[in-house]
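Student: One structure coming up, written as structure tokens, with questions to follow.
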Amino acid sequence: MSRILVTGGAGFVGNHLCRKLLKEGHEVLCLDNFFTGSKNNILDLLGNSYFELIRHDIQTPILLEVDEIYNLACPASPESYQYDPVATTRTSVLGAINVLDIAKKCNAKVLQASTSEIYGDPKVHPQTEDYRGNVNTIGIRACYDEGKRCAETLFFDYKRQYDINIKIIRIFNTYGPYMSINDGRVISNFIVQALQNKDITIYGEGNQTRSFQYIDDLIDAMIITMSKDKEFSGPVNIGNPIEFSILDIAKKIIKLTNSSSKLIFLPLPADDPTQRQPNIDLAKKELNWEPKIMLDDGLKKTIDYFKRII
Ligand code: NAD
Ligand code: UDP
């Protein structure tokens with residue numbers, strides 16, 4: 001049994017990870033400031049004596065004794081990370097320093113939840129880990145993208161300078177139960193709109209693409225990455241390489257929910273990446289991992305979840 005810190009543990013990805021780690025017999029410390037996460041996401045875990053909730057903002061240092069750290073604390077949807085952009089950058093940069101300092105003190109392994117957004121609006125397609133990206137440093141997405149890029153730099157500098165056992169995964173768009181109903185991400189927005197027979201809000205013409213992975217595949221990849229020996233730090237892309245246009249996603253969700261919703265077209269937000277698809281050769285080779293859950297199956301599970309909560 002290990003004692004494992006999950007920052008951002010009350011968020012969408014974080015609560016799934018906490019559940020899986022508890023199931024595997026570990027002790028879990030869930031740290032969150034509830035900026036986008038919610039106590040409701042982990043309510044059923046609060047009675048478990050191997051689960052501990054720490055209300056804390058990772059921008060501030062904290063001393064904890066742990067064996068492993070998964071650093072997930074950061075708002076992830078464009079709407080939530082643009083709400084207080086300074087806090088977003090501070091969370092990624094100071095948060096990285098603070099978890100790395102814990103790792104240094106306890107000799108713990110530490111995994112950073114990085115993102116496909118570090119590639120910006122990519123000029124290389126599909127994206128491989130050696131692509132250095134195309135980010136508008138002064139745009140409205142930069143608080144997230146540049147914060148995450150700087151966190152990657154800090155992780156590698158702590159490795160080189162202090163010999164910390166680090167891992168970096170670059171997560172591509174992930175969806176599933178426990179997504180926040182109102183954080184503005186496309187899958188949750190479209191499912192909620194479709195279930196309520198409201199207009200489906202397509203930004204731009206809907207020709208932009210994304211590759212969507214189901215949450216269970218991501219959680220498996222996170223745990224496998226953490227288990228790798230010290231020599232493997234990544235960064236490694238984690239995503240489902242099957243690419244869809246946003247228009248395709250809207251039509252699919254209308255069909256799966258049997259909805260009478262109509263499509264409406266709204267302005268495309270600034271710097272919205274036109275295409276995104278992971279190359280996952282490295283994950284296949286180093287982690288012996290690839291996603292198993294296809295979009296229709298994952299969407300059905302996610303739709304069932306939203307049917308229960310709205
Ligand atoms: P989320 O918004 O649901 O979860 C983030 C969690 O971090 C929330 O519980 C929030 O309250 C917490 N948090 C935010 N700022 C904090 C702070 N300063 N101190 C402590 N806690 C804080 O988002 P998510 O989808 O679960 O994303 C989790 C992580 O994975 C994020 O780091 C995100 O950048 C990364 N990621 C997610 C995706 C995705 O598609 N879901 C894709 C790429 C990367
Ligand atoms: N999007 C959309 N309608 C919505 C929400 C999002 O058309 O109601 C688009 C958005 O412009 C982007 C894509 O869907 O092109 C994915 O958006 P999301 O916020 O889920 O993730 P990200 O942009 O970070 O990949």
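By convention here, the chains of the structure tokens are called A, B, ... in the order presented, each chain's residues are numbered starting at 1, and ligands are numbered starting at 1 in the order presented.
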Apply DSSP to the backbone of this structure and, from segment 12-176 of chain A, keep only the residues in alpha helix (DSSP H); write these as number ranges by chain.
Tutor: A: 12-23, 78-83, 85-106, 142-162
Student: Generate a file of the selected residues that holds C-alpha atoms, formatted as an mmCIF file, in the first residue's frame.
Tutor:
```
data_model
loop_
_atom_site.group_PDB
_atom_site.id
_atom_site.type_symbol
_atom_site.label_atom_id
_atom_site.label_comp_id
_atom_site.auth_asym_id
_atom_site.auth_seq_id
_atom_site.Cartn_x
_atom_site.Cartn_y
_atom_site.Cartn_z
ATOM 1 C CA PHE A 12 -13.707 15.258 -13.029
ATOM 2 C CA VAL A 13 -10.519 13.261 -13.629
ATOM 3 C CA GLY A 14 -9.394 13.463 -10.000
ATOM 4 C CA ASN A 15 -12.373 11.683 -8.450
ATOM 5 C CA HIS A 16 -12.090 8.783 -10.914
ATOM 6 C CA LEU A 17 -8.402 8.481 -10.069
ATOM 7 C CA CYS A 18 -9.038 8.576 -6.293
ATOM 8 C CA ARG A 19 -11.646 5.798 -6.685
ATOM 9 C CA LYS A 20 -9.296 3.599 -8.728
ATOM 10 C CA LEU A 21 -6.373 4.085 -6.327
ATOM 11 C CA LEU A 22 -8.581 3.229 -3.319
ATOM 12 C CA LYS A 23 -9.790 0.107 -5.163
ATOM 13 C CA PRO A 78 -11.602 27.089 -21.442
ATOM 14 C CA GLU A 79 -14.486 28.794 -19.646
ATOM 15 C CA SER A 80 -13.132 27.979 -16.189
ATOM 16 C CA TYR A 81 -9.456 28.654 -16.883
ATOM 17 C CA GLN A 82 -10.258 31.998 -18.531
ATOM 18 C CA TYR A 83 -12.452 33.082 -15.588
ATOM 19 C CA PRO A 85 -6.440 33.718 -15.886
ATOM 20 C CA VAL A 86 -3.851 34.944 -13.400
ATOM 21 C CA ALA A 87 -4.933 32.309 -10.881
ATOM 22 C CA THR A 88 -4.768 29.689 -13.671
ATOM 23 C CA THR A 89 -1.123 30.437 -14.470
ATOM 24 C CA ARG A 90 -0.270 30.683 -10.761
ATOM 25 C CA THR A 91 -1.940 27.329 -10.111
ATOM 26 C CA SER A 92 0.082 25.584 -12.808
ATOM 27 C CA VAL A 93 3.418 27.230 -12.024
ATOM 28 C CA LEU A 94 3.323 27.587 -8.228
ATOM 29 C CA GLY A 95 1.388 24.320 -7.995
ATOM 30 C CA ALA A 96 4.166 22.524 -9.897
ATOM 31 C CA ILE A 97 6.827 24.029 -7.615
ATOM 32 C CA ASN A 98 4.864 23.080 -4.509
ATOM 33 C CA VAL A 99 4.253 19.449 -5.505
ATOM 34 C CA LEU A 100 7.848 19.076 -6.695
ATOM 35 C CA ASP A 101 9.057 20.379 -3.329
ATOM 36 C CA ILE A 102 6.929 17.753 -1.572
ATOM 37 C CA ALA A 103 8.395 15.094 -3.887
ATOM 38 C CA LYS A 104 11.923 16.345 -3.160
ATOM 39 C CA LYS A 105 11.398 16.256 0.582
ATOM 40 C CA CYS A 106 9.760 12.802 0.684
ATOM 41 C CA ALA A 142 -2.175 31.209 -22.956
ATOM 42 C CA CYS A 143 -2.841 31.331 -19.191
ATOM 43 C CA TYR A 144 -3.564 27.608 -19.426
ATOM 44 C CA ASP A 145 -1.204 26.606 -22.245
ATOM 45 C CA GLU A 146 1.834 28.545 -21.024
ATOM 46 C CA GLY A 147 1.196 27.626 -17.381
ATOM 47 C CA LYS A 148 1.211 23.947 -18.365
ATOM 48 C CA ARG A 149 4.312 24.433 -20.545
ATOM 49 C CA CYS A 150 6.166 26.080 -17.670
ATOM 50 C CA ALA A 151 5.086 23.258 -15.354
ATOM 51 C CA GLU A 152 6.692 20.773 -17.773
ATOM 52 C CA THR A 153 9.891 22.840 -17.666
ATOM 53 C CA LEU A 154 9.874 22.834 -13.864
ATOM 54 C CA PHE A 155 9.344 19.073 -13.776
ATOM 55 C CA PHE A 156 12.355 18.460 -16.020
ATOM 56 C CA ASP A 157 14.524 20.978 -14.159
ATOM 57 C CA TYR A 158 13.712 19.313 -10.806
ATOM 58 C CA LYS A 159 14.625 15.982 -12.397
ATOM 59 C CA ARG A 160 17.945 17.298 -13.733
ATOM 60 C CA GLN A 161 18.814 19.394 -10.665
ATOM 61 C CA TYR A 162 17.490 17.223 -7.806
#
```
Student: Please identify the strand (DSSP E) residues within segment 172-217 of chain A (assignment by DSSP from backbone atoms) and present them as a PyMOL selection string.
Tutor: chain A and resi 174-175+200-203+209-211+213-214
Student: Neighbours of Pro241 of chain A within 12 Å (only C-alpha atoms; same-chain residues fewer than 3 positions away dropped), as a compact mmCIF listing (two decimals) with N, CA, C and O atoms, in the first residue's frame?
Tutor:
```txt
# COMPACT_ATOMS: atom_id res chain seq x y z
N HIS A 125 0.43 17.49 -37.67
CA HIS A 125 -0.78 16.71 -37.43
C HIS A 125 -0.60 15.29 -37.92
O HIS A 125 -0.19 15.11 -39.07
N PRO A 126 -0.88 14.27 -37.14
CA PRO A 126 -1.20 14.29 -35.70
C PRO A 126 0.00 14.76 -34.88
O PRO A 126 1.13 14.79 -35.40
N GLN A 127 -0.22 15.07 -33.63
CA GLN A 127 0.84 15.63 -32.81
C GLN A 127 1.69 14.52 -32.18
O GLN A 127 1.16 13.60 -31.56
N THR A 128 3.00 14.64 -32.37
CA THR A 128 3.96 13.74 -31.71
C THR A 128 4.61 14.51 -30.57
O THR A 128 4.61 15.75 -30.58
N ILE A 171 -2.42 14.96 -21.79
CA ILE A 171 -3.76 14.40 -21.92
C ILE A 171 -4.51 15.13 -23.05
O ILE A 171 -4.53 16.36 -23.09
N PHE A 172 -5.13 14.34 -23.93
CA PHE A 172 -6.00 14.90 -24.98
C PHE A 172 -7.45 14.83 -24.47
O PHE A 172 -7.75 14.10 -23.53
N ASN A 173 -8.34 15.58 -25.14
CA ASN A 173 -9.74 15.74 -24.66
C ASN A 173 -10.32 14.44 -24.09
O ASN A 173 -10.37 13.42 -24.80
N THR A 174 -10.75 14.52 -22.85
CA THR A 174 -11.28 13.36 -22.14
C THR A 174 -12.68 13.69 -21.63
O THR A 174 -12.95 14.82 -21.25
N THR A 209 -11.64 19.93 -35.33
CA THR A 209 -11.67 18.53 -34.89
C THR A 209 -11.05 18.37 -33.50
O THR A 209 -10.23 19.19 -33.06
N ARG A 210 -11.48 17.32 -32.83
CA ARG A 210 -10.87 16.88 -31.58
C ARG A 210 -10.90 15.35 -31.58
O ARG A 210 -11.69 14.73 -32.31
N SER A 211 -10.09 14.75 -30.70
CA SER A 211 -10.05 13.29 -30.55
C SER A 211 -10.41 13.02 -29.10
O SER A 211 -9.70 13.49 -28.21
N PHE A 212 -11.49 12.30 -28.87
CA PHE A 212 -12.03 12.19 -27.51
C PHE A 212 -11.74 10.83 -26.90
O PHE A 212 -12.06 9.80 -27.48
N GLN A 213 -11.20 10.85 -25.68
CA GLN A 213 -10.95 9.58 -24.99
C GLN A 213 -11.86 9.47 -23.77
O GLN A 213 -12.15 10.46 -23.08
N TYR A 214 -12.29 8.24 -23.50
CA TYR A 214 -13.14 7.99 -22.34
C TYR A 214 -12.28 7.94 -21.08
O TYR A 214 -11.14 7.44 -21.10
N ASN A 237 2.00 11.30 -24.89
CA ASN A 237 0.62 11.64 -25.26
C ASN A 237 -0.32 10.54 -24.79
O ASN A 237 -0.07 9.35 -25.03
N ILE A 238 -1.42 10.94 -24.16
CA ILE A 238 -2.46 10.00 -23.76
C ILE A 238 -3.79 10.48 -24.34
O ILE A 238 -4.32 11.51 -23.90
N PHE A 244 -12.73 13.43 -34.70
CA PHE A 244 -14.09 13.78 -35.17
C PHE A 244 -14.19 15.29 -35.30
O PHE A 244 -13.59 16.03 -34.51
N GLN A 275 -7.47 21.75 -35.25
CA GLN A 275 -7.45 20.28 -35.30
C GLN A 275 -6.59 19.75 -34.17
O GLN A 275 -5.67 20.41 -33.70
N ARG A 276 -6.93 18.54 -33.75
CA ARG A 276 -6.12 17.95 -32.68
C ARG A 276 -6.28 16.43 -32.70
O ARG A 276 -7.39 15.92 -32.69
N GLN A 277 -5.15 15.76 -32.77
CA GLN A 277 -5.17 14.29 -32.80
C GLN A 277 -3.83 13.79 -32.27
O GLN A 277 -2.78 14.20 -32.76
N PRO A 278 -3.87 12.91 -31.27
CA PRO A 278 -2.59 12.44 -30.73
C PRO A 278 -1.97 11.34 -31.57
O PRO A 278 -2.67 10.47 -32.08
N ASN A 279 -0.65 11.39 -31.69
CA ASN A 279 0.08 10.21 -32.13
C ASN A 279 0.43 9.47 -30.83
O ASN A 279 1.05 10.05 -29.94
N ILE A 280 -0.01 8.21 -30.71
CA ILE A 280 0.20 7.50 -29.43
C ILE A 280 1.20 6.35 -29.55
O ILE A 280 1.20 5.43 -28.74
N ASP A 281 2.08 6.44 -30.54
CA ASP A 281 3.08 5.37 -30.71
C ASP A 281 3.93 5.19 -29.45
O ASP A 281 4.25 4.07 -29.06
N ALA A 283 3.16 5.87 -26.30
CA ALA A 283 2.38 5.23 -25.22
C ALA A 283 2.24 3.72 -25.49
O ALA A 283 2.34 2.90 -24.57
N LYS A 284 2.04 3.36 -26.75
CA LYS A 284 1.92 1.94 -27.10
C LYS A 284 3.21 1.20 -26.78
O LYS A 284 3.20 0.12 -26.21
N GLU A 290 -3.15 1.33 -24.99
CA GLU A 290 -3.89 2.08 -26.00
C GLU A 290 -5.35 2.12 -25.57
O GLU A 290 -5.79 1.25 -24.81
N PRO A 291 -6.11 3.12 -26.00
CA PRO A 291 -7.48 3.22 -25.53
C PRO A 291 -8.33 2.06 -26.01
O PRO A 291 -8.14 1.56 -27.12
N LYS A 292 -9.27 1.65 -25.14
CA LYS A 292 -10.11 0.48 -25.48
C LYS A 292 -11.55 0.89 -25.75
O LYS A 292 -12.29 0.15 -26.38
N ILE A 293 -11.94 2.04 -25.24
CA ILE A 293 -13.38 2.37 -25.28
C ILE A 293 -13.67 3.31 -26.46
O ILE A 293 -13.10 4.40 -26.56
N MET A 294 -14.56 2.85 -27.32
CA MET A 294 -14.90 3.63 -28.51
C MET A 294 -15.92 4.72 -28.17
O MET A 294 -16.65 4.62 -27.19
N LEU A 295 -15.95 5.74 -29.02
CA LEU A 295 -16.75 6.94 -28.70
C LEU A 295 -18.22 6.62 -28.41
O LEU A 295 -18.77 7.11 -27.40
```
Student: Rounded to one decimal in Å, what is the spacing between atom CA of Gly206 of chain A and atom CA of Lys252 of chain A?
Tutor: 13.2 Å
Student: Residues at most 9 Å from ligand 2, using only C-alpha atoms and all ligand atoms? Could they come as a VMD selection string?
Tutor: chain A and resid 76 to 79 116 to 117 141 172 to 175 183 to 190 193 200 to 211 245 to 247 250 265 to 270 272 to 276
Student: With C-alpha atoms kept, could you save the residues just selected as a PDB file, in the first residue's frame?
Tutor:
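Listed below is the output, part-v2.pdb:
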```pdb
ATOM      1  CA  ALA A  76      -9.329  22.557 -17.364  1.00  0.00           C
ATOM      2  CA  SER A  77     -12.214  23.889 -19.442  1.00  0.00           C
ATOM      3  CA  PRO A  78     -11.602  27.089 -21.442  1.00  0.00           C
ATOM      4  CA  GLU A  79     -14.486  28.794 -19.646  1.00  0.00           C
ATOM      5  CA  SER A 116      -2.461  18.567 -25.615  1.00  0.00           C
ATOM      6  CA  GLU A 117      -2.949  22.349 -25.284  1.00  0.00           C
ATOM      7  CA  ARG A 141      -5.795  30.478 -23.886  1.00  0.00           C
ATOM      8  CA  PHE A 172      -6.002  14.903 -24.978  1.00  0.00           C
ATOM      9  CA  ASN A 173      -9.736  15.738 -24.661  1.00  0.00           C
ATOM     10  CA  THR A 174     -11.282  13.362 -22.142  1.00  0.00           C
ATOM     11  CA  TYR A 175     -14.945  12.912 -21.240  1.00  0.00           C
ATOM     12  CA  ASP A 183     -17.982  24.041 -17.217  1.00  0.00           C
ATOM     13  CA  GLY A 184     -18.600  24.615 -20.921  1.00  0.00           C
ATOM     14  CA  ARG A 185     -16.731  21.685 -22.448  1.00  0.00           C
ATOM     15  CA  VAL A 186     -18.177  20.369 -25.651  1.00  0.00           C
ATOM     16  CA  ILE A 187     -19.278  16.853 -24.659  1.00  0.00           C
ATOM     17  CA  SER A 188     -21.014  17.913 -21.434  1.00  0.00           C
ATOM     18  CA  ASN A 189     -22.564  20.970 -23.116  1.00  0.00           C
ATOM     19  CA  PHE A 190     -23.954  18.989 -26.060  1.00  0.00           C
ATOM     20  CA  GLN A 193     -28.454  20.564 -24.334  1.00  0.00           C
ATOM     21  CA  ILE A 200     -26.882  22.668 -29.618  1.00  0.00           C
ATOM     22  CA  THR A 201     -24.292  25.457 -29.608  1.00  0.00           C
ATOM     23  CA  ILE A 202     -21.694  24.914 -32.324  1.00  0.00           C
ATOM     24  CA  TYR A 203     -18.854  27.416 -32.227  1.00  0.00           C
ATOM     25  CA  GLY A 204     -17.731  28.414 -35.716  1.00  0.00           C
ATOM     26  CA  GLU A 205     -18.850  26.066 -38.487  1.00  0.00           C
ATOM     27  CA  GLY A 206     -18.074  22.955 -36.474  1.00  0.00           C
ATOM     28  CA  ASN A 207     -15.300  21.836 -38.840  1.00  0.00           C
ATOM     29  CA  GLN A 208     -12.673  21.984 -36.104  1.00  0.00           C
ATOM     30  CA  THR A 209     -11.667  18.526 -34.887  1.00  0.00           C
ATOM     31  CA  ARG A 210     -10.870  16.880 -31.582  1.00  0.00           C
ATOM     32  CA  SER A 211     -10.052  13.291 -30.555  1.00  0.00           C
ATOM     33  CA  SER A 245     -15.334  17.179 -36.259  1.00  0.00           C
ATOM     34  CA  ILE A 246     -17.424  19.044 -33.693  1.00  0.00           C
ATOM     35  CA  LEU A 247     -20.334  18.884 -36.127  1.00  0.00           C
ATOM     36  CA  ALA A 250     -23.239  17.142 -32.257  1.00  0.00           C
ATOM     37  CA  PHE A 265     -23.883  28.347 -34.967  1.00  0.00           C
ATOM     38  CA  LEU A 266     -22.132  30.857 -32.666  1.00  0.00           C
ATOM     39  CA  PRO A 267     -18.834  32.727 -33.108  1.00  0.00           C
ATOM     40  CA  LEU A 268     -15.671  30.674 -32.747  1.00  0.00           C
ATOM     41  CA  PRO A 269     -13.668  31.744 -29.656  1.00  0.00           C
ATOM     42  CA  ALA A 270     -10.215  33.281 -30.277  1.00  0.00           C
ATOM     43  CA  ASP A 272      -9.590  27.801 -30.809  1.00  0.00           C
ATOM     44  CA  PRO A 273      -7.341  25.049 -32.241  1.00  0.00           C
ATOM     45  CA  THR A 274      -8.502  23.897 -35.685  1.00  0.00           C
ATOM     46  CA  GLN A 275      -7.453  20.283 -35.301  1.00  0.00           C
ATOM     47  CA  ARG A 276      -6.124  17.947 -32.683  1.00  0.00           C
TER      48      ARG A 276
END
```
